[in-house]
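Participant: This is the structure I want to talk about, given as structure tokens.
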Amino acid sequence: MNGVMKKVKWFIVSTLVILVVGITLFGVFGFNNTGDYSSSFDLRVTITQPIEKAQQTLKTTADKYMAEKGINVISTQTLDNGIGYVFKFAGDVSEQIADLEQAINDALSQDPLTATVTVADFDPNFASGYGDNNVKGILIAMSIAVVLIFVYTLIMDKLAAAVAVICSAILSALVFIALMSITRLPSIPYVQLIALAFSFVLGAVMSIMTTGRLKEAVKNQTGKFEYDNLAVGVMNAEKKKTVLALVAVFVASVALMALFASYTAIVGASLLVAGVSAVGVSYFITPLLWTTIKTSKKK
Amino acid sequence: MSKNKATVLLSILSVIISVVLVFTFLQFPVGAKDNYVGAIGAIELDYDLSGGVAYTLTLAPDNEKEVKDVDEVIDVLRQRIEALGYSSYTIKALKSNDPAVLDQDIRIELKNTDTVTEDMLAIAAYGELEFYGGTDANPSTQILKDIKVVQDSQYLGMIEEGNYCISIVLTDEGKSKLLETINETEGTYYLKITCGEEFGVSNPLFNSTIDESVVNGNTITISQIKTEKGARRLALQVKNGGLAYKYDGYTANDAQLITSLYGEDIATKCLVGIITLVVVTMAVLCVVYKGLGIISALSFLLFIICETWLMIGVPGIVLSMGGVFGIIASTVLCAISLMSFAQRVKDEYANSKKTVKAAVSKGLNQSLVPTISLHVVAGIVALSMLALTGGIVRNFATTFGIGVAVSLISSLVFTRMYTGLILPLVKNKEKFLRFKRNEQVSISEEVEEA
């Protein structure tokens, strides 16, 4: 098993380190949920009349005020086609926005068209958001999927492939959790659950393609052969496909991250981490496990 | 296939695909009032992509019970929101900046549907279930007091259009007391169920005749409910009653339209992202695999067109961010499957002495089982998630599952179709497909020739 082990040694060591550190961090801190799903500060501002000019004045004055004070606005929602806005911040900015209401009223009074309009509601609040309640459902779904995929692969490709596919899929999911915990990338609860499932399914899919290739390679052998050499040959042949799979995931992630919207960037980043975990684990770990089981059975 | 036949078929196919592609994106007025919005425009979007309505619940001045744990209230509200079919929503507890204000408000943002006003009444109205019975069509005598009457209540389904039914499972005590009351009364017996002020005497949850035959075991089945949403609301309210605390702010007058929490144009951005992914993937396939890449890219294009149209063709799909993730995930899966197909065909030629036609045929056959396995595995995960999750995650499972099915057809059928149509048109197939023999095979061919 020297050939395969030489190729994957560095990956195994780094994966173990990532898993130990990442899972520990996850146990202590969990994911780094965004404000909408943990705690944040928001400000609701509405005006007394739905005059378009007044709505524009409200928005531009608020944006200018925040920029001058260096206040970071996470997102802005529009109420009732512009009669008000909900501004969201990561932390407590109550002191910094103390003069905002007056600033808006002053701006409105300067224009004769909006002189009769004033701020109707200036409501700052500490907001506590709540996570997704599908954790149990996802875990049960993936457990059932593990059993069904194991049975299917056992029938199609025998025991070594079945064990390799399942272990790779589960390891992909764990590496995803570990990487998200280490990088502390902002996360949205339901996106994390979906990305976890995506990492699992991509890991299983890539692994089953690899074990299929290994099975064909065994079939094509005439005479004595070493499983180890076979696995190294398949790994070399699969390199291009693996790189292209990474490219597909990368393109999908960058397409989302480049849209200059913070939430699509979070989805893109989660997709990238999930894809990298799955592709990496299936390329390095699947042949190793398959070779280990085949070699031990041979003995 | 002959060259002429392949040319004609490919031309017809190209025209059809072009027309479908145009109609996927095009928008134009139809007649005086209507608009054709294209497949993209017709996809129903959920709250997180299109915005919705916001309600801010504040404790009523005459609320009697103190809210000790707002998390419990939030949990109840979430269960009710999801029971009524809302998958994408946000719910937050708001603590005022003013330290003198102790109570917490609750802000709910969800999709603006036709029934959102009635749904919010069912979700947030205060009150307890009360039962009235008698021979009056509008009975006023309270019955079944001070006992737990309802064990459970479920939405059962549609009997026919405009006729939906629910079941109410009574407790043993509730059932025996109800039957006792019915049997003691001569003539037709009316049962009325109310809940709080909104669903009180003038607008009860339920008011109809009832007799022993309606009670089957401990279950009463109620039908003739006109809409599915109405049936689901009734089942929810009979099961849970009203909220334990009295809140204001959930009526139609309190609703405020609100844009998506992800930004106003998030749907457009997601569309741009998906189109970018598709275009770049097609370009990569063409560059890396040349002729086979063109075949794969065309199959990929058909995949995305089919998936888009299925988003409106499959009933009940409301696209949320989870659904977008599902489309992207299935797109990545299809790209991997097509790359695998192209690589296999290429490897078959490279590692053998076969002709181009024989290598392509063998490669297509050899890729059959791996392609099916790949999609079966993905399908298993999609189906498991579809059965066991809810909300936005379920939306992901739906669109991913549809994508897996279309990807399978794309990888098995469309690739073969395009291979059969394009290759007969090409003179130098080796050059077009960029096929090369491996060195060892080339040397053995040279040795044989010598």
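A note on labels: chains of the structure tokens are A, B, ... as shown, every chain counts residues from 1, and ligands are counted from 1 in their shown order.
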Neighbours of segment 238-246 of chain B within 9 Å (only C-alpha atoms; same-chain residues fewer than 2 positions away dropped), as a VMD selection string?
Facilitator: chain B and resid 58 to 67 73 76 to 77 80 122 to 129 150 to 154 168 to 169 193 195 to 196 205 233 to 236 248
Participant: Show which residues sit within 10 Å of Leu202 of chain A, as a VMD selection string. Count only C-alpha atoms, and ignore same-chain residues fewer than 2 positions away.
Facilitator: (chain A and resid 168 to 169 172 to 173 196 to 200 204 to 208 245 274 to 279 282) or (chain B and resid 329 332 to 333 336 374 377 to 378)
Participant: With N, CA, C and O atoms retained, could you export that selection as a compact mmCIF listing (two decimals), in the first residue's frame?
Facilitator:
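The resulting selection_7.txt:
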# COMPACT_ATOMS: atom_id res chain seq x y z
N SER A 168 -16.13 8.07 2.76
CA SER A 168 -15.75 9.33 2.08
C SER A 168 -16.86 10.36 2.20
O SER A 168 -16.60 11.54 2.45
N ALA A 169 -18.11 9.93 2.02
CA ALA A 169 -19.23 10.87 2.08
C ALA A 169 -19.34 11.48 3.47
O ALA A 169 -19.50 12.70 3.63
N SER A 172 -16.46 13.82 4.13
CA SER A 172 -16.66 15.11 3.42
C SER A 172 -17.48 16.05 4.28
O SER A 172 -17.16 17.23 4.42
N ALA A 173 -18.58 15.51 4.82
CA ALA A 173 -19.47 16.34 5.63
C ALA A 173 -18.75 16.86 6.88
O ALA A 173 -18.87 18.02 7.25
N LEU A 196 -24.02 21.26 3.94
CA LEU A 196 -23.60 20.00 4.56
C LEU A 196 -24.11 18.82 3.73
O LEU A 196 -23.36 17.89 3.41
N ALA A 197 -25.39 18.89 3.36
CA ALA A 197 -25.97 17.82 2.54
C ALA A 197 -25.29 17.76 1.17
O ALA A 197 -25.04 16.68 0.64
N PHE A 198 -24.97 18.94 0.61
CA PHE A 198 -24.31 19.00 -0.69
C PHE A 198 -22.92 18.37 -0.61
O PHE A 198 -22.51 17.62 -1.51
N SER A 199 -22.19 18.67 0.45
CA SER A 199 -20.86 18.09 0.64
C SER A 199 -20.96 16.57 0.71
O SER A 199 -20.17 15.84 0.10
N PHE A 200 -21.94 16.10 1.46
CA PHE A 200 -22.16 14.65 1.61
C PHE A 200 -22.46 14.02 0.24
O PHE A 200 -21.84 13.01 -0.14
N ALA A 204 -20.15 11.47 -1.98
CA ALA A 204 -20.63 10.13 -2.35
C ALA A 204 -20.57 9.92 -3.86
O ALA A 204 -20.14 8.87 -4.35
N VAL A 205 -21.00 10.94 -4.60
CA VAL A 205 -21.05 10.85 -6.07
C VAL A 205 -19.65 10.70 -6.65
O VAL A 205 -19.39 9.83 -7.49
N MET A 206 -18.72 11.54 -6.21
CA MET A 206 -17.34 11.47 -6.72
C MET A 206 -16.70 10.13 -6.32
O MET A 206 -15.96 9.53 -7.10
N SER A 207 -16.99 9.67 -5.11
CA SER A 207 -16.41 8.40 -4.65
C SER A 207 -16.93 7.24 -5.47
O SER A 207 -16.16 6.32 -5.82
N ILE A 208 -18.22 7.28 -5.78
CA ILE A 208 -18.77 6.14 -6.51
C ILE A 208 -18.23 6.11 -7.94
O ILE A 208 -18.05 5.03 -8.53
N ALA A 245 -13.95 19.02 -11.80
CA ALA A 245 -15.05 19.09 -10.82
C ALA A 245 -14.83 20.27 -9.88
O ALA A 245 -15.77 21.02 -9.58
N ALA A 274 -17.92 23.40 0.79
CA ALA A 274 -18.54 22.07 0.67
C ALA A 274 -17.94 21.30 -0.50
O ALA A 274 -17.63 20.10 -0.39
N GLY A 275 -17.78 21.98 -1.63
CA GLY A 275 -17.25 21.33 -2.83
C GLY A 275 -15.80 20.89 -2.65
O GLY A 275 -15.44 19.76 -3.01
N VAL A 276 -14.99 21.78 -2.08
CA VAL A 276 -13.57 21.45 -1.87
C VAL A 276 -13.43 20.25 -0.93
O VAL A 276 -12.64 19.34 -1.18
N SER A 277 -14.21 20.24 0.15
CA SER A 277 -14.17 19.10 1.10
C SER A 277 -14.49 17.81 0.37
O SER A 277 -13.78 16.81 0.49
N ALA A 278 -15.59 17.83 -0.40
CA ALA A 278 -16.07 16.61 -1.04
C ALA A 278 -15.09 16.11 -2.09
O ALA A 278 -14.74 14.92 -2.13
N VAL A 279 -14.61 17.01 -2.94
CA VAL A 279 -13.72 16.60 -4.03
C VAL A 279 -12.39 16.11 -3.46
O VAL A 279 -11.86 15.07 -3.88
N SER A 282 -12.90 12.65 -1.64
CA SER A 282 -13.19 11.54 -2.55
C SER A 282 -11.95 11.19 -3.37
O SER A 282 -11.70 10.02 -3.65
N ALA B 329 -26.60 23.18 -7.32
CA ALA B 329 -26.02 21.88 -6.98
C ALA B 329 -26.27 20.86 -8.10
O ALA B 329 -25.36 20.10 -8.47
N VAL B 332 -24.00 21.64 -11.07
CA VAL B 332 -22.63 21.15 -10.84
C VAL B 332 -22.58 19.63 -11.07
O VAL B 332 -21.67 19.11 -11.71
N LEU B 333 -23.61 18.93 -10.57
CA LEU B 333 -23.67 17.46 -10.75
C LEU B 333 -23.73 17.10 -12.23
O LEU B 333 -23.04 16.19 -12.69
N ILE B 336 -20.37 17.60 -13.88
CA ILE B 336 -19.44 16.52 -13.53
C ILE B 336 -19.77 15.27 -14.34
O ILE B 336 -18.89 14.58 -14.86
N LEU B 374 -24.20 7.37 -10.21
CA LEU B 374 -24.01 8.74 -9.72
C LEU B 374 -25.36 9.38 -9.41
O LEU B 374 -25.58 9.98 -8.36
N VAL B 377 -27.39 7.72 -6.48
CA VAL B 377 -26.89 8.16 -5.15
C VAL B 377 -27.42 9.56 -4.83
O VAL B 377 -27.90 9.82 -3.73
N ALA B 378 -27.31 10.47 -5.80
CA ALA B 378 -27.80 11.84 -5.58
C ALA B 378 -29.31 11.83 -5.35
O ALA B 378 -29.83 12.57 -4.50
Participant: Report as a Markdown table: every residue of segment 31-59 of chain A with an atom at most 10 Å from segment 95-106 of chain B, its closest pair of atoms, and their distance in Å to one decimal, counting only C-alpha atoms, with rows sorted by chain and ascending residue number.
Facilitator:
| residue | atom | partner | partner_atom | distance |
| --- | --- | --- | --- | --- |
| A:Phe41 | CA | B:Asn97 | CA | 9.3 |
| A:Asp42 | CA | B:Asn97 | CA | 9.9 |
| A:Leu43 | CA | B:Asn97 | CA | 9.8 |
Participant: Which residues are close to Lys294 of chain A, i.e. within 12 Å by only C-alpha atoms, leaving aside same-chain residues fewer than 5 positions away? Reply as a PyMOL selection string.
Facilitator: chain A and resi 1+158-164+211+214-215+218+226-228+230-231+287-289+299
Participant: Hey, which of B:Gly363, B:Gly51, B:Gly31, B:Gly230 ends up closest to chain A? Count only C-alpha atoms.
Facilitator: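 Of B:Gly363, B:Gly51, B:Gly31, B:Gly230, the one nearest chain A is B:Gly51, counting only C-alpha atoms.
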Participant: Tell me, which residues of segment 97-267 of chain A carry DSSP alpha helix (DSSP H), written as a VMD selection string?
Facilitator: chain A and resid 100 to 110 135 to 183 189 to 219 227 to 257 262 to 267
Participant: Using the selection just defined, write its residues with C-alpha atoms as a tab-separated table (two decimals), in the first residue's frame.
Facilitator:
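This is the output file out.tsv:
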chain	number	residue	atom	x	y	z
A	100	LEU	CA	-30.11	60.60	12.75
A	101	GLU	CA	-33.79	61.39	13.33
A	102	GLN	CA	-33.03	65.11	13.59
A	103	ALA	CA	-30.82	64.94	10.51
A	104	ILE	CA	-33.66	63.39	8.49
A	105	ASN	CA	-36.20	65.95	9.73
A	106	ASP	CA	-33.79	68.78	8.88
A	107	ALA	CA	-33.26	67.41	5.37
A	108	LEU	CA	-37.01	67.05	4.80
A	109	SER	CA	-37.74	70.59	6.00
A	110	GLN	CA	-35.20	72.12	3.61
A	135	VAL	CA	-31.19	19.95	11.97
A	136	LYS	CA	-32.84	16.77	13.19
A	137	GLY	CA	-34.54	16.18	9.84
A	138	ILE	CA	-31.30	16.59	7.90
A	139	LEU	CA	-29.39	14.24	10.19
A	140	ILE	CA	-32.08	11.56	9.94
A	141	ALA	CA	-32.31	12.03	6.16
A	142	MET	CA	-28.56	11.65	5.78
A	143	SER	CA	-28.52	8.59	8.05
A	144	ILE	CA	-31.18	6.93	5.90
A	145	ALA	CA	-29.28	7.96	2.78
A	146	VAL	CA	-26.08	6.40	4.23
A	147	VAL	CA	-27.83	3.05	4.66
A	148	LEU	CA	-29.47	3.11	1.23
A	149	ILE	CA	-26.29	4.20	-0.55
A	150	PHE	CA	-24.32	1.51	1.27
A	151	VAL	CA	-26.78	-1.18	0.19
A	152	TYR	CA	-26.84	0.09	-3.41
A	153	THR	CA	-23.04	0.25	-3.66
A	154	LEU	CA	-22.73	-3.17	-2.01
A	155	ILE	CA	-24.97	-4.66	-4.70
A	156	MET	CA	-23.29	-2.82	-7.57
A	157	ASP	CA	-19.64	-2.78	-6.54
A	158	LYS	CA	-19.15	-5.05	-3.51
A	159	LEU	CA	-18.00	-4.35	0.05
A	160	ALA	CA	-14.76	-2.42	-0.47
A	161	ALA	CA	-16.47	0.14	-2.69
A	162	ALA	CA	-19.47	0.42	-0.38
A	163	VAL	CA	-17.32	1.11	2.68
A	164	ALA	CA	-15.08	3.53	0.76
A	165	VAL	CA	-18.05	5.52	-0.61
A	166	ILE	CA	-19.85	5.81	2.72
A	167	CYS	CA	-16.73	6.73	4.68
A	168	SER	CA	-15.75	9.33	2.08
A	169	ALA	CA	-19.23	10.87	2.08
A	170	ILE	CA	-19.36	11.12	5.87
A	171	LEU	CA	-15.80	12.43	6.03
A	172	SER	CA	-16.66	15.11	3.42
A	173	ALA	CA	-19.47	16.34	5.63
A	174	LEU	CA	-17.25	16.39	8.72
A	175	VAL	CA	-14.44	18.22	6.92
A	176	PHE	CA	-17.00	20.78	5.73
A	177	ILE	CA	-18.15	21.42	9.31
A	178	ALA	CA	-14.52	21.66	10.48
A	179	LEU	CA	-13.49	24.08	7.73
A	180	MET	CA	-16.51	26.34	8.32
A	181	SER	CA	-15.70	26.41	12.04
A	182	ILE	CA	-12.01	27.19	11.48
A	183	THR	CA	-12.54	29.87	8.83
A	189	PRO	CA	-28.34	28.25	9.33
A	190	TYR	CA	-30.36	26.74	6.51
A	191	VAL	CA	-27.52	27.37	4.03
A	192	GLN	CA	-25.16	25.43	6.31
A	193	LEU	CA	-27.56	22.50	6.46
A	194	ILE	CA	-27.94	22.51	2.68
A	195	ALA	CA	-24.18	22.89	2.14
A	196	LEU	CA	-23.60	20.00	4.56
A	197	ALA	CA	-25.97	17.82	2.54
A	198	PHE	CA	-24.31	19.00	-0.69
A	199	SER	CA	-20.86	18.09	0.64
A	200	PHE	CA	-22.16	14.65	1.61
A	201	VAL	CA	-23.83	13.97	-1.74
A	202	LEU	CA	-20.93	15.32	-3.83
A	203	GLY	CA	-18.49	13.23	-1.77
A	204	ALA	CA	-20.63	10.13	-2.35
A	205	VAL	CA	-21.05	10.85	-6.07
A	206	MET	CA	-17.34	11.47	-6.72
A	207	SER	CA	-16.41	8.40	-4.65
A	208	ILE	CA	-18.77	6.14	-6.51
A	209	MET	CA	-17.29	7.31	-9.81
A	210	THR	CA	-13.80	6.52	-8.48
A	211	THR	CA	-14.77	3.06	-7.18
A	212	GLY	CA	-16.42	2.36	-10.53
A	213	ARG	CA	-13.13	3.14	-12.25
A	214	LEU	CA	-11.24	0.94	-9.80
A	215	LYS	CA	-13.64	-1.94	-10.49
A	216	GLU	CA	-13.12	-1.55	-14.26
A	217	ALA	CA	-9.36	-1.41	-13.78
A	218	VAL	CA	-9.49	-4.73	-11.86
A	219	LYS	CA	-11.60	-6.29	-14.63
A	227	TYR	CA	-4.25	-3.28	-5.84
A	228	ASP	CA	-1.95	-0.52	-4.72
A	229	ASN	CA	-0.49	0.05	-8.19
A	230	LEU	CA	-3.96	-0.16	-9.68
A	231	ALA	CA	-5.24	2.51	-7.31
A	232	VAL	CA	-2.29	4.81	-8.10
A	233	GLY	CA	-3.01	4.38	-11.81
A	234	VAL	CA	-6.70	5.25	-11.33
A	235	MET	CA	-5.79	8.27	-9.18
A	236	ASN	CA	-3.57	9.55	-11.99
A	237	ALA	CA	-6.32	8.97	-14.54
A	238	GLU	CA	-8.91	10.69	-12.32
A	239	LYS	CA	-6.77	13.80	-11.77
A	240	LYS	CA	-8.23	15.68	-14.72
A	241	LYS	CA	-11.82	14.87	-13.77
A	242	THR	CA	-11.15	15.93	-10.19
A	243	VAL	CA	-9.64	19.23	-11.27
A	244	LEU	CA	-12.56	19.91	-13.60
A	245	ALA	CA	-15.05	19.09	-10.82
A	246	LEU	CA	-13.24	21.61	-8.62
A	247	VAL	CA	-13.43	24.12	-11.47
A	248	ALA	CA	-17.22	23.57	-11.74
A	249	VAL	CA	-17.65	24.16	-8.00
A	250	PHE	CA	-15.31	27.15	-8.11
A	251	VAL	CA	-17.16	28.74	-11.02
A	252	ALA	CA	-20.52	28.26	-9.26
A	253	SER	CA	-19.18	29.79	-6.04
A	254	VAL	CA	-17.47	32.74	-7.69
A	255	ALA	CA	-20.57	33.44	-9.78
A	256	LEU	CA	-22.49	33.90	-6.53
A	257	MET	CA	-19.74	35.66	-4.59
A	262	SER	CA	-23.46	39.78	1.06
A	263	TYR	CA	-25.97	36.96	1.29
A	264	THR	CA	-25.21	35.39	-2.08
A	265	ALA	CA	-21.54	35.66	-1.12
A	266	ILE	CA	-22.28	33.59	1.99
A	267	VAL	CA	-24.05	30.97	-0.15
Participant: Using only C-alpha atoms, find the one residue out of B:Asp34, B:Glu180, B:Leu433, B:Thr355 that sits nearest to Ile294 of chain B.
Facilitator: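 For Ile294 of chain B, the nearest of the candidates is B:Leu433.
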Participant: For Ile74 of chain A, which residue out of A:Ser39, A:Thr34, A:Ala127, A:Thr46 is the nearest one, using only C-alpha atoms?
Facilitator: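 The shortest atom-to-atom distance to Ile74 of chain A comes from A:Thr34.
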Participant: Please, what distance in Å, to one decimal, runs between atom CA of Ser128 of chain A and atom CA of Tyr37 of chain A?
Facilitator: 7.1 Å
